[in-house]
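Here's the structure we're looking at; comments come further down.
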Amino acid sequence: MPDIKVSIKNLYKIFGPKGESMVQKVEDGATKTSLQADHKHVLGLNNVNIDIPARRIQVIMGLSGSGKSTLIRHLNRLIEPTAGQVLVDGEDVLAMSDAELRDFRRNRMSMVFQKFALLPHRTVIDNVSYGLKIKGIDKAEMRERSQKWIDRVGLSGFEENYPAQLSGGMQQRVGLARALATDAEILLMDEAFSALDPLIRKDMQAILLDLQEELHKTIIFITHDLDEALNIGDNIVILRDGAVIQQGSPQEIVLDPADDYVRDFIKDINRARVLDVSSVMEAGSSDSGLSFASDTILENAMPAMSKADVSSANVTRDGEVVGMVTLADMIGGIARPESHEGDQVTYR
Amino acid sequence: MELFDEFPSMGRTGLRDLKKGIDFAFRDFSRENGEAIENFFDPLMHFMVWFEKLLLATPWPIMILVFAALAWLGARSIWVVVGTVASFLTIGWFGMWEDTMATVAIISVATALCIGLGIPLGILMSRSNRMQAVVTPVLDIMQTIPSFVYLIPVVMLLGIGKVPGLIAVCIYAVPPIVRLTNLGIRLVDKEVLEAAEAFGSSYRQKLFEVQIPLALPNIFAGVNQTIMMALAMVVIASMIGVKGLGVPVLRAVSNQYLALGLMNGLAIVALAVIFDRVSQEYGKRLQKHRQGGHGA
Ligand SMILES: Nc1ncnc2c1ncn2[C@@H]1O[C@H](COP(=O)(O)OP(=O)(O)O)[C@@H](O)[C@H]1O
Ligand SMILES: [Mg+2]
């Protein structure tokens, strides 16, 4: 059991003048549509329960309007819940006084925004220093720490530029450096890369993964893009109409989608890049002489088998054989789920 | 059908008593409180007298240098500076130096006062919709009610002189800066504000490091309009004893002195153009960082 950094318990958010009295109606089965039609309230979050492990990247995914931004803004209380709890390191964020909350935001949780949200009248280095300035850190140290993060995200030489003079990708690096500069352990990223071109987006994902390798922050990353989710997520939560539809590792989601909504999400992804050999292996062992570490993705394993001209291989974990895979297993794994009727899962 | 032939009015005696009642009540009020109110404004009056004397006592070449320097600081344009110097030289040549200095003095004080009152009021207004709902119609009234109407109570309270003139100018000129401060703050990008909040800004930090700086272009447009409106009040203010370019204009109107009226009128226009250019250029420079382009 990994240690839990952030724990969201029975969280409800209902927008409207009488949100509290609507919770009961939602518990009794009112849907987002019916609540809107009958009571003119918007169901933002519906009984959300998520345990977010420390030092991992937790992705929260869903279509536009599914409540992702609403959810992430509860973690630092930019939005007050209608009911429920948010615990960070076991401490109830909702019980904090104004001063405690400010302190919490200054030191323990920082945020990166979809549209960058930089201060247009401040230079790059002043933007990166923003969180430090609010903390009241002295000028020399502030400059030194900001410079370090500017260098780290590859913006050396742009310190004195204004945000409007930078490309989108560079602006978001400023946003990232600003968030990292406060040394908070938790990083919230609300569709941080969604406004960027696909190529730049890939770049930014690489930068983030690279940083994470060394920093081990608890990152809560929101996206509506499954490729992005699979690329960077250690865990994924899927939201629809404010409710959690499924949570699990990327492989679990790809192999066992909870319903049609999720199935729809995963239908176009490159499954060979997500699934590893352990997820399609069977019992037994192979005498082909070829073996793969259990986390080898199919995209790499299949060409290797083809090259060695064998049709099966061992799967090893820490050097020990834990099972075997055949080409047929792999092809089965990457085949798209078949069409289905009702809720029956009929693929594979 | 008598009802349709004549409007059912409250009747002559009733109306006269009502008006009398209001007049006497206000007269009593101003008799009782006039002195206290005058004392309250006393420091302001002394300051205005001192400031006007300062402008007049300073040798004219130094004043022109000061104006040129201010124009340069504001506009950073050699043409604006040249225009400013040429205008003031012409004004002096035509014998309007003293009146012009008096007008510059009252406009400066009025603008400073409007900024000092208007920006905080605009900030309060941006903080709550209720405040906005209350203040907006008041501003509308201040801008549309004929100035002569509020001159009456002001003069009844404070008599004739600099302070009542200043108050009349400010009533007319303060609305734009209040409105545009409010608007500017309300238009600040919601996500940027959220970012400030997410990094743990206090209320003051949010106001002074995000909201006001980002609203500055709008606030500055308000300052510009306020200056223009204050200048527009110069003639009316001169009716209640404010010295300056308005006095000869007024005299020209009552005596049909065409040239006198034109010259002083044009001097007011010249001041307006200078103030406008300088403050607009300054406002533009405040926004320079908003332009994209390939820096680096
Ligand atoms: N302040 C608000 N008032 C009313 N409804 C809101 C408000 N904020 C968000 N919503 C609604 O809540 C739902 C979730 O919104 P959001 O969290 O922004 O979705 P996402 O980020 O997943 O696109 C949407 O239906 C949206 O219209
Ligand atoms: Mg969103």
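Chain labels run A, B, ... following the order of the structure tokens; each chain numbers its residues from 1, and ligands are numbered from 1 in the order shown.
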
Considering only C-alpha atoms, extract the chain B residues located within 12 Å of chain A and return them as a PyMOL selection string. chain B and resi 188-206+208-217+285-296

Nearby polymer residues, ligand 2, at most 12 Å, only C-alpha atoms and all ligand atoms, as a PyMOL selection string: (chain A and resi 44+60-73+113-115+189-195+221-224+239+242) or (chain B and resi 191)

Please provide the set of residues having any atom within 10 Å of stretch 81-85 of chain B, restricted to only C-alpha atoms, with same-chain residues fewer than 4 positions apart removed, written as a ChimeraX atom specification. /B:64-77,89-91,270-271,273-275,277-278

Skipping near chain neighbours, those fewer than 5 positions away, what residues fall within 10 Å of B:Ser147 using only C-alpha atoms, listed as an MDAnalysis selection string? chainID B and resid 142 152 168:169 171:172 233 236:237

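Coordinates place atom CA of B:Thr111 at a distance of 20.6 Å from atom CA of B:Leu158.
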
Report as a PyMOL selection string all protein, DNA and RNA residues lying within 9 Å of A:Gln247, evaluated on only C-alpha atoms, omitting residues in the same chain fewer than 4 positions from it. chain A and resi 50+235-238+252-253

Atom CA of B:Gly283 and atom CA of B:Ala221 are how many Å apart?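 Result for atom CA of B:Gly283 versus atom CA of B:Ala221: 7.3 Å, one decimal.
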
Could you pull out the strand (DSSP E or B) residues of stretch 135-260 of chain A from DSSP and send them as a count of residues only? 23

Where does DSSP see alpha helix (DSSP H) in stretch 144-342 of chain A, if you list the residues as number ranges by chain? A: 144-152, 168-181, 198-215, 226-232, 250-255, 260-266, 271-274, 277-280, 298-308, 327-334

Nearby residues (only C-alpha atoms) at most 7 Å from stretch 45-51 of chain B, same-chain spacing under 5 positions excluded, as a VMD selection string: chain B and resid 105 162 to 163

Can you tell me, as a PDB file with C-alpha atoms, in the first residue's frame, what residues are no more than 12 Å from stretch 35-41 of chain A when counting only C-alpha atoms, ignoring any on the same chain fewer than 2 positions away?
```pdb
ATOM      1  CA  LYS A  13     -20.281  20.074  -5.480  1.00  0.00           C
ATOM      2  CA  ILE A  14     -23.602  21.394  -6.626  1.00  0.00           C
ATOM      3  CA  PHE A  15     -23.651  24.844  -8.205  1.00  0.00           C
ATOM      4  CA  GLY A  16     -26.691  26.921  -7.395  1.00  0.00           C
ATOM      5  CA  PRO A  17     -28.249  28.884  -4.562  1.00  0.00           C
ATOM      6  CA  LYS A  18     -29.454  25.878  -2.581  1.00  0.00           C
ATOM      7  CA  GLY A  19     -26.712  23.356  -3.279  1.00  0.00           C
ATOM      8  CA  GLU A  20     -26.837  21.750   0.166  1.00  0.00           C
ATOM      9  CA  SER A  21     -30.450  20.736  -0.110  1.00  0.00           C
ATOM     10  CA  MET A  22     -29.712  19.112  -3.466  1.00  0.00           C
ATOM     11  CA  VAL A  23     -27.169  16.608  -2.109  1.00  0.00           C
ATOM     12  CA  GLN A  24     -29.939  14.389  -0.820  1.00  0.00           C
ATOM     13  CA  LYS A  25     -31.641  14.452  -4.211  1.00  0.00           C
ATOM     14  CA  VAL A  26     -28.413  13.389  -5.893  1.00  0.00           C
ATOM     15  CA  GLU A  27     -27.923  10.606  -3.351  1.00  0.00           C
ATOM     16  CA  ASP A  28     -31.449   9.504  -4.163  1.00  0.00           C
ATOM     17  CA  GLY A  29     -30.491   9.154  -7.786  1.00  0.00           C
ATOM     18  CA  ALA A  30     -30.982  12.534  -9.432  1.00  0.00           C
ATOM     19  CA  THR A  31     -28.698  12.868 -12.478  1.00  0.00           C
ATOM     20  CA  LYS A  32     -26.944  15.933 -13.800  1.00  0.00           C
ATOM     21  CA  THR A  33     -29.630  16.341 -16.445  1.00  0.00           C
ATOM     22  CA  LEU A  43     -24.167  18.926 -10.575  1.00  0.00           C
ATOM     23  CA  GLY A  44     -20.435  19.601 -10.537  1.00  0.00           C
ATOM     24  CA  LEU A  45     -19.134  16.666  -8.504  1.00  0.00           C
ATOM     25  CA  ASN A  46     -21.059  13.592  -7.499  1.00  0.00           C
ATOM     26  CA  ASP A 241     -20.902  14.173 -15.124  1.00  0.00           C
TER      27      ASP A 241
END
```

Mind pulling up the distance from atom CA of B:Ile268 to atom CA of B:Leu55?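 That distance, rounded to one decimal, is 17.1 Å.
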